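Below: upload.csv (CSV, C-alpha atoms)
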chain,number,residue,atom,x,y,z
A,26,MET,CA,-91.9,-140.7,-45.4
A,27,GLY,CA,-95.5,-139.5,-44.8
A,28,GLY,CA,-98.7,-141.6,-45.1
A,29,GLY,CA,-99.3,-140.4,-48.7
A,30,SER,CA,-95.7,-141.1,-49.8
A,31,GLY,CA,-95.8,-144.5,-48.1
A,32,ALA,CA,-99.0,-145.4,-50.0
A,33,LEU,CA,-97.5,-144.2,-53.2
A,34,PHE,CA,-94.3,-146.2,-52.7
A,35,VAL,CA,-96.3,-149.4,-51.7
A,36,ALA,CA,-98.7,-149.1,-54.7
A,37,VAL,CA,-95.9,-148.6,-57.3
A,38,PHE,CA,-93.7,-151.2,-55.7
A,39,LEU,CA,-96.4,-153.9,-55.7
A,40,ALA,CA,-97.6,-153.1,-59.2
A,41,CYS,CA,-94.1,-153.1,-60.7
A,42,ALA,CA,-93.1,-156.3,-58.8
A,43,VAL,CA,-96.0,-158.1,-60.5
A,44,GLU,CA,-94.8,-157.0,-64.0
A,45,ALA,CA,-91.2,-157.7,-63.1
A,46,VAL,CA,-92.0,-161.3,-62.1
A,47,GLU,CA,-93.6,-161.9,-65.5
A,48,ALA,CA,-90.6,-160.3,-67.3
A,49,THR,CA,-88.2,-162.4,-65.2
A,50,THR,CA,-90.0,-165.6,-66.2
A,51,ILE,CA,-89.6,-164.8,-69.9
A,52,VAL,CA,-85.8,-163.9,-69.5
A,53,LEU,CA,-85.2,-167.1,-67.5
A,54,ALA,CA,-87.0,-169.2,-70.2
A,55,ALA,CA,-84.9,-167.6,-73.0
A,56,GLY,CA,-81.7,-168.0,-71.0
A,57,THR,CA,-82.3,-171.6,-69.9
A,58,ALA,CA,-83.6,-173.0,-73.1
A,59,ARG,CA,-81.4,-171.0,-75.5
A,60,ASP,CA,-78.5,-168.8,-74.6
A,61,TRP,CA,-77.9,-166.8,-71.5
A,62,ARG,CA,-75.7,-164.2,-73.3
A,63,SER,CA,-78.3,-163.4,-75.9
A,64,ALA,CA,-81.1,-163.3,-73.3
A,65,ALA,CA,-79.1,-160.9,-71.1
A,66,THR,CA,-78.3,-158.7,-74.2
A,67,GLY,CA,-82.0,-158.6,-75.1
A,68,MET,CA,-82.9,-157.7,-71.5
A,69,THR,CA,-80.2,-155.0,-71.4
A,70,ALA,CA,-81.3,-153.5,-74.8
A,71,ALA,CA,-84.9,-153.3,-73.6
A,72,ILE,CA,-83.9,-151.7,-70.3
A,73,VAL,CA,-81.8,-149.1,-72.2
A,74,LEU,CA,-84.9,-148.3,-74.5
A,75,LEU,CA,-87.1,-148.1,-71.4
A,76,ALA,CA,-84.6,-145.6,-69.8
A,77,ILE,CA,-84.8,-143.5,-73.0
A,78,ILE,CA,-88.6,-143.5,-72.9
A,79,VAL,CA,-88.5,-142.5,-69.2
A,80,ALA,CA,-86.0,-139.7,-69.9
A,81,ALA,CA,-88.3,-138.4,-72.7
A,82,LEU,CA,-91.7,-138.8,-71.0
A,83,GLY,CA,-90.7,-138.0,-67.4
A,84,PRO,CA,-90.2,-134.2,-67.9
A,85,ALA,CA,-93.2,-134.1,-70.2
A,86,VAL,CA,-95.5,-135.7,-67.6
A,87,SER,CA,-94.1,-133.3,-64.9
A,88,ALA,CA,-94.9,-130.3,-67.1
A,89,LEU,CA,-98.5,-131.2,-67.8
A,90,PRO,CA,-101.2,-129.2,-65.9
A,91,LEU,CA,-102.2,-131.3,-62.8
A,92,ARG,CA,-106.0,-131.2,-63.4
A,93,GLU,CA,-105.8,-132.5,-67.0
A,94,LEU,CA,-103.1,-135.0,-66.0
A,95,ARG,CA,-105.3,-136.4,-63.2
A,96,LEU,CA,-108.3,-136.6,-65.5
A,97,VAL,CA,-106.5,-138.6,-68.2
A,98,VAL,CA,-104.3,-140.7,-65.8
A,99,GLY,CA,-107.2,-141.3,-63.5
A,100,ALA,CA,-109.3,-142.6,-66.3
A,101,LEU,CA,-106.5,-144.9,-67.5
A,102,LEU,CA,-105.7,-146.1,-64.0
A,103,LEU,CA,-109.3,-146.8,-63.3
A,104,ILE,CA,-109.7,-148.8,-66.6
A,105,PHE,CA,-106.5,-150.7,-65.8
A,106,GLY,CA,-107.5,-151.2,-62.2
A,107,LEU,CA,-111.0,-152.5,-63.0
A,108,GLN,CA,-109.6,-154.9,-65.6
A,109,TRP,CA,-107.0,-156.2,-63.1
A,110,LEU,CA,-109.6,-156.5,-60.3
A,111,ARG,CA,-112.1,-158.2,-62.6
A,112,LYS,CA,-109.5,-160.9,-63.5
A,113,ALA,CA,-108.3,-161.2,-59.9
A,114,ILE,CA,-111.9,-161.7,-58.7
A,115,LEU,CA,-112.6,-164.3,-61.4
A,116,ARG,CA,-109.4,-166.1,-60.4
A,117,ALA,CA,-110.1,-165.9,-56.7
A,118,SER,CA,-113.6,-167.3,-57.2
A,119,GLY,CA,-112.5,-170.1,-59.4
A,120,TYR,CA,-114.1,-168.8,-62.7
A,121,LYS,CA,-110.7,-168.3,-64.3
A,122,ALA,CA,-107.5,-170.4,-64.1
A,123,ARG,CA,-105.0,-168.9,-61.6
A,124,HIS,CA,-101.9,-167.3,-63.0
A,125,ASP,CA,-99.4,-170.1,-62.8
A,126,GLU,CA,-95.8,-168.8,-63.4
A,127,ASP,CA,-94.5,-172.4,-63.4
A,128,ALA,CA,-96.8,-173.5,-66.2
A,129,ILE,CA,-96.1,-170.3,-68.2
A,130,TYR,CA,-92.3,-171.0,-67.7
A,131,ARG,CA,-92.7,-174.6,-68.9
A,132,THR,CA,-94.7,-173.5,-72.1
A,133,GLN,CA,-92.1,-170.8,-72.9
A,134,LEU,CA,-89.2,-173.2,-72.3
A,135,ALA,CA,-90.7,-175.8,-74.7
A,136,GLU,CA,-91.4,-173.1,-77.4
A,137,ALA,CA,-88.0,-171.7,-77.1
A,138,ALA,CA,-86.3,-175.1,-77.3
A,139,ALA,CA,-88.1,-175.9,-80.5
A,140,ALA,CA,-87.2,-172.7,-82.4
A,141,PRO,CA,-84.2,-172.9,-84.8
A,142,ARG,CA,-80.9,-171.2,-83.8
A,143,ARG,CA,-79.8,-168.2,-85.9
A,144,ARG,CA,-76.9,-165.8,-85.3
A,145,PHE,CA,-77.4,-162.0,-85.9
A,146,GLY,CA,-74.3,-159.8,-85.7
A,147,SER,CA,-72.7,-160.2,-82.3
A,148,VAL,CA,-75.8,-161.9,-80.9
A,149,PRO,CA,-75.2,-165.7,-80.8
A,150,ASP,CA,-78.9,-166.5,-80.7
A,151,TRP,CA,-81.4,-164.1,-82.2
A,152,TYR,CA,-84.5,-165.9,-80.9
A,153,ALA,CA,-83.3,-165.7,-77.3
A,154,PHE,CA,-82.5,-162.0,-77.8
A,155,THR,CA,-85.9,-161.1,-79.2
A,156,LEU,CA,-87.8,-163.2,-76.7
A,157,SER,CA,-86.0,-161.5,-73.8
A,158,PHE,CA,-86.2,-158.1,-75.4
A,159,LYS,CA,-89.9,-158.2,-76.2
A,160,GLY,CA,-90.8,-159.6,-72.7
A,161,VAL,CA,-88.8,-157.0,-70.8
A,162,LEU,CA,-90.0,-154.1,-73.1
A,163,LEU,CA,-93.7,-155.0,-72.9
A,164,GLU,CA,-93.7,-155.6,-69.1
A,165,GLY,CA,-91.3,-152.7,-68.6
A,166,LEU,CA,-93.7,-150.3,-70.5
A,167,GLU,CA,-96.3,-151.1,-67.8
A,168,VAL,CA,-93.8,-150.4,-65.1
A,169,VAL,CA,-92.9,-147.1,-66.7
A,170,PHE,CA,-96.6,-146.2,-67.1
A,171,ILE,CA,-97.4,-147.0,-63.5
A,172,ALA,CA,-94.3,-145.1,-62.1
A,173,LEU,CA,-94.8,-142.0,-64.3
A,174,THR,CA,-98.5,-141.7,-63.8
A,175,PHE,CA,-98.5,-142.4,-60.0
A,176,GLY,CA,-95.4,-140.2,-59.6
A,177,GLY,CA,-96.8,-137.4,-61.8
A,178,ASN,CA,-100.2,-137.3,-60.0
A,179,ALA,CA,-98.6,-137.3,-56.6
A,180,HIS,CA,-96.0,-134.7,-57.7
A,181,ASN,CA,-93.3,-137.2,-56.6
A,182,ILE,CA,-91.9,-138.9,-59.7
A,183,PRO,CA,-88.5,-139.6,-58.0
A,184,LEU,CA,-90.2,-141.6,-55.2
A,185,ALA,CA,-92.3,-143.5,-57.7
A,186,ALA,CA,-89.2,-144.2,-59.8
A,187,LEU,CA,-87.4,-145.4,-56.7
A,188,ALA,CA,-90.3,-147.8,-55.8
A,189,ALA,CA,-90.3,-149.1,-59.4
A,190,GLY,CA,-86.5,-149.5,-59.4
A,191,CYS,CA,-86.6,-151.3,-56.0
A,192,ALA,CA,-89.3,-153.7,-57.3
A,193,VAL,CA,-87.4,-154.5,-60.5
A,194,VAL,CA,-84.1,-155.0,-58.6
A,195,VAL,CA,-85.6,-157.2,-55.9
A,196,VAL,CA,-87.3,-159.5,-58.4
A,197,ALA,CA,-84.4,-159.6,-60.9
A,198,VAL,CA,-81.8,-160.4,-58.2
A,199,THR,CA,-84.1,-163.1,-56.8
A,200,GLY,CA,-84.7,-164.5,-60.3
A,201,ALA,CA,-81.0,-164.5,-61.1
A,202,ALA,CA,-80.2,-166.2,-57.7
A,203,VAL,CA,-82.6,-169.0,-58.0
A,204,ARG,CA,-82.6,-169.3,-61.9
A,205,ALA,CA,-86.1,-170.6,-61.7
A,206,PRO,CA,-89.6,-169.1,-62.2
A,207,LEU,CA,-90.7,-167.1,-59.1
A,208,ALA,CA,-93.6,-169.4,-58.5
A,209,ARG,CA,-93.5,-168.8,-54.7
A,210,VAL,CA,-94.4,-165.1,-55.2
A,211,PRO,CA,-98.1,-164.9,-54.3
A,212,GLU,CA,-98.8,-163.3,-57.7
A,213,ASN,CA,-102.6,-163.8,-57.7
A,214,THR,CA,-102.9,-162.1,-54.3
A,215,LEU,CA,-100.5,-159.3,-55.4
A,216,LYS,CA,-102.6,-158.7,-58.5
A,217,PHE,CA,-105.8,-158.6,-56.4
A,218,ILE,CA,-104.2,-155.9,-54.1
A,219,VAL,CA,-102.8,-154.0,-57.1
A,220,GLY,CA,-106.2,-154.0,-58.8
A,221,ILE,CA,-107.7,-152.5,-55.7
A,222,MET,CA,-105.1,-149.8,-55.4
A,223,LEU,CA,-105.2,-148.9,-59.1
A,224,THR,CA,-109.0,-148.7,-58.9
A,225,GLY,CA,-108.9,-146.6,-55.7
A,226,PHE,CA,-106.3,-144.1,-57.0
A,227,GLY,CA,-108.0,-144.1,-60.5
A,228,THR,CA,-111.4,-143.3,-59.0
A,229,PHE,CA,-109.9,-140.6,-56.8
A,230,TRP,CA,-107.7,-138.8,-59.4
A,231,GLY,CA,-110.2,-139.3,-62.3
A,232,ALA,CA,-113.0,-137.7,-60.3
A,233,GLU,CA,-110.7,-134.8,-59.1
A,234,GLY,CA,-109.6,-134.2,-62.7
A,235,ALA,CA,-113.2,-134.0,-63.8
A,236,GLY,CA,-113.9,-131.3,-61.2
A,237,ALA,CA,-115.1,-133.2,-58.1
A,238,HIS,CA,-113.9,-132.2,-54.6
A,239,TRP,CA,-113.6,-135.2,-52.3
A,240,PRO,CA,-114.8,-134.8,-48.7
A,241,GLY,CA,-111.6,-134.7,-46.6
A,242,SER,CA,-109.4,-134.1,-49.6
A,243,ASP,CA,-106.6,-136.7,-49.8
A,244,ALA,CA,-107.8,-138.5,-46.7
A,245,ALA,CA,-110.8,-139.7,-48.8
A,246,LEU,CA,-108.3,-142.3,-50.2
A,247,LEU,CA,-108.1,-143.9,-46.8
A,248,VAL,CA,-111.8,-144.7,-47.0
A,249,LEU,CA,-112.0,-145.3,-50.7
A,250,VAL,CA,-109.3,-148.0,-51.0
A,251,PRO,CA,-110.5,-150.1,-48.0
A,252,ALA,CA,-114.1,-149.7,-49.3
A,253,ILE,CA,-113.1,-151.1,-52.7
A,254,ALA,CA,-111.2,-153.9,-51.1
A,255,LEU,CA,-114.3,-154.9,-49.0
A,256,PHE,CA,-116.5,-154.7,-52.1
A,257,ALA,CA,-114.1,-156.9,-54.1
A,258,VAL,CA,-113.9,-159.5,-51.3
A,259,GLY,CA,-117.7,-159.5,-51.1
A,260,LEU,CA,-117.9,-160.1,-54.9
A,261,VAL,CA,-115.5,-163.0,-54.6
A,262,ALA,CA,-117.7,-164.5,-51.8
A,263,VAL,CA,-120.9,-164.1,-53.9
A,264,LEU,CA,-119.3,-165.6,-57.0
A,265,ARG,CA,-117.8,-168.6,-55.0
A,266,ARG,CA,-121.3,-169.3,-53.6
A,267,GLY,CA,-122.7,-169.2,-57.1
A,268,GLN,CA,-120.1,-171.5,-58.4
A,269,ALA,CA,-120.6,-174.0,-55.5
A,270,LYS,CA,-124.4,-174.0,-56.3
A,271,ALA,CA,-123.7,-174.6,-60.0
A,272,THR,CA,-121.3,-177.5,-59.2
A,273,ARG,CA,-123.9,-179.1,-56.9
A,274,ALA,CA,-126.7,-178.8,-59.5
A,275,PRO,CA,-125.0,-179.3,-62.9
A,276,ALA,CA,-128.2,-180.5,-64.5
A,277,ARG,CA,-130.0,-177.3,-63.8
A,278,GLY,CA,-127.3,-174.6,-64.4
A,279,GLY,CA,-124.4,-176.4,-65.8
A,280,ALA,CA,-120.7,-175.9,-64.9
A,281,PRO,CA,-119.5,-172.3,-64.4
A,282,ALA,CA,-118.0,-170.7,-67.4
A,283,ALA,CA,-114.2,-170.4,-67.4
A,284,GLU,CA,-112.7,-167.4,-69.1
A,285,ALA,CA,-109.7,-167.9,-71.2
A,286,GLY,CA,-106.5,-165.8,-70.9
B,18,MET,CA,-95.7,-151.5,-92.7
B,19,GLY,CA,-99.5,-151.9,-92.6
B,20,ARG,CA,-99.1,-155.1,-90.7
B,21,ARG,CA,-96.9,-153.5,-88.1
B,22,VAL,CA,-99.3,-150.5,-87.6
B,23,ARG,CA,-102.2,-153.0,-87.2
B,24,ALA,CA,-100.1,-155.0,-84.7
B,25,PHE,CA,-99.2,-151.8,-82.8
B,26,LEU,CA,-102.9,-150.8,-82.7
B,27,ALA,CA,-103.9,-154.2,-81.5
B,28,PHE,CA,-101.3,-154.0,-78.8
B,29,LEU,CA,-102.5,-150.6,-77.8
B,30,TYR,CA,-106.1,-151.7,-77.7
B,31,ASP,CA,-105.2,-154.7,-75.6
B,32,PHE,CA,-102.9,-152.6,-73.3
B,33,VAL,CA,-105.5,-149.8,-72.7
B,34,ILE,CA,-108.9,-151.4,-73.2
B,35,GLY,CA,-108.3,-155.1,-72.3
B,36,ASP,CA,-110.9,-157.8,-72.1
B,37,ASP,CA,-114.1,-155.8,-71.6
B,38,TRP,CA,-114.4,-152.6,-73.7
B,39,ARG,CA,-117.5,-151.6,-71.8
B,40,ILE,CA,-115.4,-150.8,-68.8
B,41,ALA,CA,-113.5,-148.1,-70.7
B,42,VAL,CA,-116.7,-146.7,-72.2
B,43,ALA,CA,-118.4,-146.6,-68.8
B,44,VAL,CA,-115.4,-144.9,-67.1
B,45,VAL,CA,-115.3,-142.2,-69.7
B,46,ALA,CA,-119.1,-141.7,-69.5
B,47,GLY,CA,-118.8,-141.6,-65.7
B,48,LEU,CA,-116.1,-138.9,-65.8
B,49,ALA,CA,-118.3,-136.9,-68.2
B,50,VAL,CA,-121.2,-137.1,-65.8
B,51,THR,CA,-118.8,-136.1,-62.9
B,52,TYR,CA,-117.8,-133.0,-64.9
B,53,ALA,CA,-121.4,-132.1,-65.7
B,54,VAL,CA,-122.5,-132.5,-62.0
B,55,SER,CA,-119.4,-130.5,-60.9
B,56,GLN,CA,-120.7,-127.5,-62.8
B,57,THR,CA,-123.8,-127.4,-60.6
B,58,THR,CA,-124.1,-126.9,-56.9
B,59,VAL,CA,-124.5,-130.7,-56.3
B,60,PRO,CA,-121.4,-132.5,-55.0
B,61,SER,CA,-120.0,-134.8,-57.8
B,62,TRP,CA,-117.4,-137.0,-55.9
B,63,TRP,CA,-119.9,-139.9,-55.5
B,64,VAL,CA,-120.3,-140.4,-59.3
B,65,MET,CA,-117.2,-142.5,-59.9
B,66,PRO,CA,-117.5,-144.7,-56.8
B,67,ALA,CA,-121.1,-145.4,-58.0
B,68,VAL,CA,-119.8,-146.3,-61.5
B,69,VAL,CA,-117.4,-148.8,-59.9
B,70,VAL,CA,-120.1,-150.3,-57.7
B,71,VAL,CA,-122.3,-150.9,-60.8
B,72,LEU,CA,-119.7,-151.6,-63.4
B,73,LEU,CA,-117.6,-154.2,-61.7
B,74,PRO,CA,-120.4,-156.6,-60.8
B,75,ALA,CA,-122.0,-156.1,-64.3
B,76,SER,CA,-118.7,-157.0,-66.0
B,77,LEU,CA,-118.2,-160.0,-63.7
B,78,TRP,CA,-121.8,-161.2,-64.3
B,79,ARG,CA,-121.2,-161.1,-68.1
B,80,ALA,CA,-117.9,-163.0,-67.7
B,81,THR,CA,-119.4,-165.7,-65.6
B,82,ARG,CA,-122.5,-166.4,-67.6
B,83,ARG,CA,-120.5,-166.5,-70.9
B,84,ARG,CA,-120.0,-170.1,-72.1
Starting from the file, give its structure as structure tokens.
Amino acid sequence: MGGGSGALFVAVFLACAVEAVEATTIVLAAGTARDWRSAATGMTAAIVLLAIIVAALGPAVSALPLRELRLVVGALLLIFGLQWLRKAILRASGYKARHDEDAIYRTQLAEAAAAPRRRFGSVPDWYAFTLSFKGVLLEGLEVVFIALTFGGNAHNIPLAALAAGCAVVVVAVTGAAVRAPLARVPENTLKFIVGIMLTGFGTFWGAEGAGAHWPGSDAALLVLVPAIALFAVGLVAVLRRGQAKATRAPARGGAPAAEAG
Amino acid sequence: MGRRVRAFLAFLYDFVIGDDWRIAVAVVAGLAVTYAVSQTTVPSWWVMPAVVVVLLPASLWRATRRR
């Protein structure tokens, strides 16, 4: 596996692992609070639907002209990446509550336990089924998007699909083994890294799709990604300093604003 | 049916655009500038990194000053 393929595998694996952790939390909540069989059926139905979407979109993505694909996908990846990075920087600097998989799990458990039980066909608990189905489908769509776009742009959809599959299997097996939310996964750090990678690849592919030629061609990524990482770490430091100042002088500036979500 | 379409559009907006719509607008504008510059003899690779350097702090600044 070359450097480019390695970077592709790592980027897709990390991004998909983050989404898989969130999907696993939802399935665990549905299974623990309601009914494991219904939660598993919902998860399986979502995976089957995702497989159909991949089978339909995979060849279409491969058939698209590379320049147009890079322009559209680069733009989307850059928008996603900047949104992820923005949230990750706000979390790392204390302006936004950190993503707490334990707290999310407890909230979902309480909501699931309160809902009335209703049988639908061969599914014993329709609520557990739909909760699990929706969670896996929505998080899975992001996994599919990441795998197809990264794979399509790098002309290596099989490797991207392998990385996505590995991430999903590793997280799902771990979740099934511990039957508890994967709170020990450093999700905030992972999201920070994934935000940097999405922003780096999005900047690179978007600019290429729009007609730019990077100095050093693909090697420019080796400068671009670390530069974005340094820039993001610098922004965290600046925001932390600002927050510390605001905390020391509440009368002048007030407490820092915390963003919801 | 109308409710489902609206829900799907809301999901799509949240999925693609997210918390700050200005990021999406600036990225599209940056790519348009990149294309325009690439039609000249001036190198255009620097436009998108410059967009990131300006856009990310601006979006963070708006988020942190909002109360």
Task: Proximity to A:Leu107 - best of B:Ala53, B:Asp37, B:Ala46, B:Thr81, only C-alpha atoms - done: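 The shortest atom-to-atom distance to A:Leu107 comes from B:Asp37.
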Open item on the list: Under the rule that all atoms listed in the file are counted, which of B:Val70, B:Tyr52, B:Gly19, B:Trp78 is the nearest residue to chain A?
Closed with: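 Under the stated criterion, the closest residue is B:Tyr52.
One distance worth recording is that between atom CA of A:Phe170 and atom CA of A:Cys41, which is 9.7 Å.
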Open item on the list: If I take atom CA of A:Ser30 and atom CA of A:Gly259, how far is one from the other in Å, to one decimal?
Closed with: 28.7 Å
Please determine the contact residues of chain A with respect to chain B at a cut-off of 7 Å, counting all atoms listed in the file, and supply them as an mmCIF file with C-alpha atoms, in the coordinates of the input.
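Generated file (iface-v9.cif):
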data_model
loop_
_atom_site.group_PDB
_atom_site.id
_atom_site.type_symbol
_atom_site.label_atom_id
_atom_site.label_comp_id
_atom_site.auth_asym_id
_atom_site.auth_seq_id
_atom_site.Cartn_x
_atom_site.Cartn_y
_atom_site.Cartn_z
ATOM 1 C CA ALA A 100 -109.300 -142.600 -66.300
ATOM 2 C CA ILE A 104 -109.700 -148.800 -66.600
ATOM 3 C CA LEU A 107 -111.000 -152.500 -63.000
ATOM 4 C CA GLN A 108 -109.600 -154.900 -65.600
ATOM 5 C CA ARG A 111 -112.100 -158.200 -62.600
ATOM 6 C CA TYR A 120 -114.100 -168.800 -62.700
ATOM 7 C CA THR A 228 -111.400 -143.300 -59.000
ATOM 8 C CA GLY A 231 -110.200 -139.300 -62.300
ATOM 9 C CA ALA A 232 -113.000 -137.700 -60.300
ATOM 10 C CA ALA A 235 -113.200 -134.000 -63.800
ATOM 11 C CA GLY A 236 -113.900 -131.300 -61.200
ATOM 12 C CA ALA A 237 -115.100 -133.200 -58.100
ATOM 13 C CA HIS A 238 -113.900 -132.200 -54.600
ATOM 14 C CA TRP A 239 -113.600 -135.200 -52.300
ATOM 15 C CA PRO A 281 -119.500 -172.300 -64.400
ATOM 16 C CA ALA A 282 -118.000 -170.700 -67.400
ATOM 17 C CA GLU A 284 -112.700 -167.400 -69.100
#
Task: Within-12 Å shell of (-85.3, -169.5, -74.8) in input frame, all atoms listed in the file, as a VMD selection string - done: chain A and resid 50 to 65 67 130 to 142 150 to 158 160
Could those residues be written to a file, using C-alpha atoms, as a PDB file, keeping the file's coordinate frame?
ATOM      1  CA  THR A  50     -90.000-165.600 -66.200  1.00  0.00           C
ATOM      2  CA  ILE A  51     -89.600-164.800 -69.900  1.00  0.00           C
ATOM      3  CA  VAL A  52     -85.800-163.900 -69.500  1.00  0.00           C
ATOM      4  CA  LEU A  53     -85.200-167.100 -67.500  1.00  0.00           C
ATOM      5  CA  ALA A  54     -87.000-169.200 -70.200  1.00  0.00           C
ATOM      6  CA  ALA A  55     -84.900-167.600 -73.000  1.00  0.00           C
ATOM      7  CA  GLY A  56     -81.700-168.000 -71.000  1.00  0.00           C
ATOM      8  CA  THR A  57     -82.300-171.600 -69.900  1.00  0.00           C
ATOM      9  CA  ALA A  58     -83.600-173.000 -73.100  1.00  0.00           C
ATOM     10  CA  ARG A  59     -81.400-171.000 -75.500  1.00  0.00           C
ATOM     11  CA  ASP A  60     -78.500-168.800 -74.600  1.00  0.00           C
ATOM     12  CA  TRP A  61     -77.900-166.800 -71.500  1.00  0.00           C
ATOM     13  CA  ARG A  62     -75.700-164.200 -73.300  1.00  0.00           C
ATOM     14  CA  SER A  63     -78.300-163.400 -75.900  1.00  0.00           C
ATOM     15  CA  ALA A  64     -81.100-163.300 -73.300  1.00  0.00           C
ATOM     16  CA  ALA A  65     -79.100-160.900 -71.100  1.00  0.00           C
ATOM     17  CA  GLY A  67     -82.000-158.600 -75.100  1.00  0.00           C
ATOM     18  CA  TYR A 130     -92.300-171.000 -67.700  1.00  0.00           C
ATOM     19  CA  ARG A 131     -92.700-174.600 -68.900  1.00  0.00           C
ATOM     20  CA  THR A 132     -94.700-173.500 -72.100  1.00  0.00           C
ATOM     21  CA  GLN A 133     -92.100-170.800 -72.900  1.00  0.00           C
ATOM     22  CA  LEU A 134     -89.200-173.200 -72.300  1.00  0.00           C
ATOM     23  CA  ALA A 135     -90.700-175.800 -74.700  1.00  0.00           C
ATOM     24  CA  GLU A 136     -91.400-173.100 -77.400  1.00  0.00           C
ATOM     25  CA  ALA A 137     -88.000-171.700 -77.100  1.00  0.00           C
ATOM     26  CA  ALA A 138     -86.300-175.100 -77.300  1.00  0.00           C
ATOM     27  CA  ALA A 139     -88.100-175.900 -80.500  1.00  0.00           C
ATOM     28  CA  ALA A 140     -87.200-172.700 -82.400  1.00  0.00           C
ATOM     29  CA  PRO A 141     -84.200-172.900 -84.800  1.00  0.00           C
ATOM     30  CA  ARG A 142     -80.900-171.200 -83.800  1.00  0.00           C
ATOM     31  CA  ASP A 150     -78.900-166.500 -80.700  1.00  0.00           C
ATOM     32  CA  TRP A 151     -81.400-164.100 -82.200  1.00  0.00           C
ATOM     33  CA  TYR A 152     -84.500-165.900 -80.900  1.00  0.00           C
ATOM     34  CA  ALA A 153     -83.300-165.700 -77.300  1.00  0.00           C
ATOM     35  CA  PHE A 154     -82.500-162.000 -77.800  1.00  0.00           C
ATOM     36  CA  THR A 155     -85.900-161.100 -79.200  1.00  0.00           C
ATOM     37  CA  LEU A 156     -87.800-163.200 -76.700  1.00  0.00           C
ATOM     38  CA  SER A 157     -86.000-161.500 -73.800  1.00  0.00           C
ATOM     39  CA  PHE A 158     -86.200-158.100 -75.400  1.00  0.00           C
ATOM     40  CA  GLY A 160     -90.800-159.600 -72.700  1.00  0.00           C
TER      41      GLY A 160
END
TODO: Grab the atom CA of A:Arg265 to atom CA of A:Ser118 distance for me, in Å with one decimal place.
DONE: 4.9 Å
Open item on the list: The residues within 10 Å of (-107.6, -140.4, -50.7), using all atoms listed in the file and the coordinates of the file, should be reported as number ranges by chain; which are they?
Closed with: A: 29, 32, 225-226, 228-230, 239-250
Export of prior selection with C-alpha atoms as a PDB file, keeping the file's coordinate frame:
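Resulting contents of part_31.pdb:
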ATOM      1  CA  GLY A  29     -99.300-140.400 -48.700  1.00  0.00           C
ATOM      2  CA  ALA A  32     -99.000-145.400 -50.000  1.00  0.00           C
ATOM      3  CA  GLY A 225    -108.900-146.600 -55.700  1.00  0.00           C
ATOM      4  CA  PHE A 226    -106.300-144.100 -57.000  1.00  0.00           C
ATOM      5  CA  THR A 228    -111.400-143.300 -59.000  1.00  0.00           C
ATOM      6  CA  PHE A 229    -109.900-140.600 -56.800  1.00  0.00           C
ATOM      7  CA  TRP A 230    -107.700-138.800 -59.400  1.00  0.00           C
ATOM      8  CA  TRP A 239    -113.600-135.200 -52.300  1.00  0.00           C
ATOM      9  CA  PRO A 240    -114.800-134.800 -48.700  1.00  0.00           C
ATOM     10  CA  GLY A 241    -111.600-134.700 -46.600  1.00  0.00           C
ATOM     11  CA  SER A 242    -109.400-134.100 -49.600  1.00  0.00           C
ATOM     12  CA  ASP A 243    -106.600-136.700 -49.800  1.00  0.00           C
ATOM     13  CA  ALA A 244    -107.800-138.500 -46.700  1.00  0.00           C
ATOM     14  CA  ALA A 245    -110.800-139.700 -48.800  1.00  0.00           C
ATOM     15  CA  LEU A 246    -108.300-142.300 -50.200  1.00  0.00           C
ATOM     16  CA  LEU A 247    -108.100-143.900 -46.800  1.00  0.00           C
ATOM     17  CA  VAL A 248    -111.800-144.700 -47.000  1.00  0.00           C
ATOM     18  CA  LEU A 249    -112.000-145.300 -50.700  1.00  0.00           C
ATOM     19  CA  VAL A 250    -109.300-148.000 -51.000  1.00  0.00           C
TER      20      VAL A 250
END
- [ ] Can you pull out every residue within 7 Å of stretch 173-180 of chain A, counting all atoms listed in the file, but drop anything in the same chain fewer than 6 positions away, and send it as a list in words?
- [x] Gly83, Val86, Ser87, Leu91, Arg95 and Val98 of chain A
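Every protein, DNA or RNA residue with an atom at most 9 Å from A:Met222, where all atoms listed in the file count and chain neighbours fewer than 5 positions away do not, is listed here: Ala36, Gly106, Phe217, Gly227, Val250, Ile253 and Ala254 of chain A.
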Open item on the list: Just checking: using all atoms listed in the file, which residue out of A:Gly234, A:Ala45, A:Ile182, A:Ala202 ends up closest to A:Leu94?
Closed with: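 Smallest separation from A:Leu94 among the options: A:Gly234.
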Can you give me N, CA and C atoms for stretch 23-28 of chain B, written as an mmCIF file, in the coordinates of the input?
data_model
loop_
_atom_site.group_PDB
_atom_site.id
_atom_site.type_symbol
_atom_site.label_atom_id
_atom_site.label_comp_id
_atom_site.auth_asym_id
_atom_site.auth_seq_id
_atom_site.Cartn_x
_atom_site.Cartn_y
_atom_site.Cartn_z
ATOM 1 N N ARG B 23 -101.006 -152.244 -87.734
ATOM 2 C CA ARG B 23 -102.200 -153.000 -87.200
ATOM 3 C C ARG B 23 -101.770 -153.716 -85.899
ATOM 4 N N ALA B 24 -100.553 -154.303 -85.913
ATOM 5 C CA ALA B 24 -100.100 -155.000 -84.700
ATOM 6 C C ALA B 24 -99.927 -154.062 -83.544
ATOM 7 N N PHE B 25 -99.411 -152.842 -83.838
ATOM 8 C CA PHE B 25 -99.200 -151.800 -82.800
ATOM 9 C C PHE B 25 -100.585 -151.394 -82.226
ATOM 10 N N LEU B 26 -101.536 -151.173 -83.151
ATOM 11 C CA LEU B 26 -102.900 -150.800 -82.700
ATOM 12 C C LEU B 26 -103.545 -151.846 -81.883
ATOM 13 N N ALA B 27 -103.329 -153.118 -82.301
ATOM 14 C CA ALA B 27 -103.900 -154.200 -81.500
ATOM 15 C C ALA B 27 -103.274 -154.292 -80.148
ATOM 16 N N PHE B 28 -101.952 -154.048 -80.076
ATOM 17 C CA PHE B 28 -101.300 -154.000 -78.800
ATOM 18 C C PHE B 28 -101.809 -152.900 -77.899
#
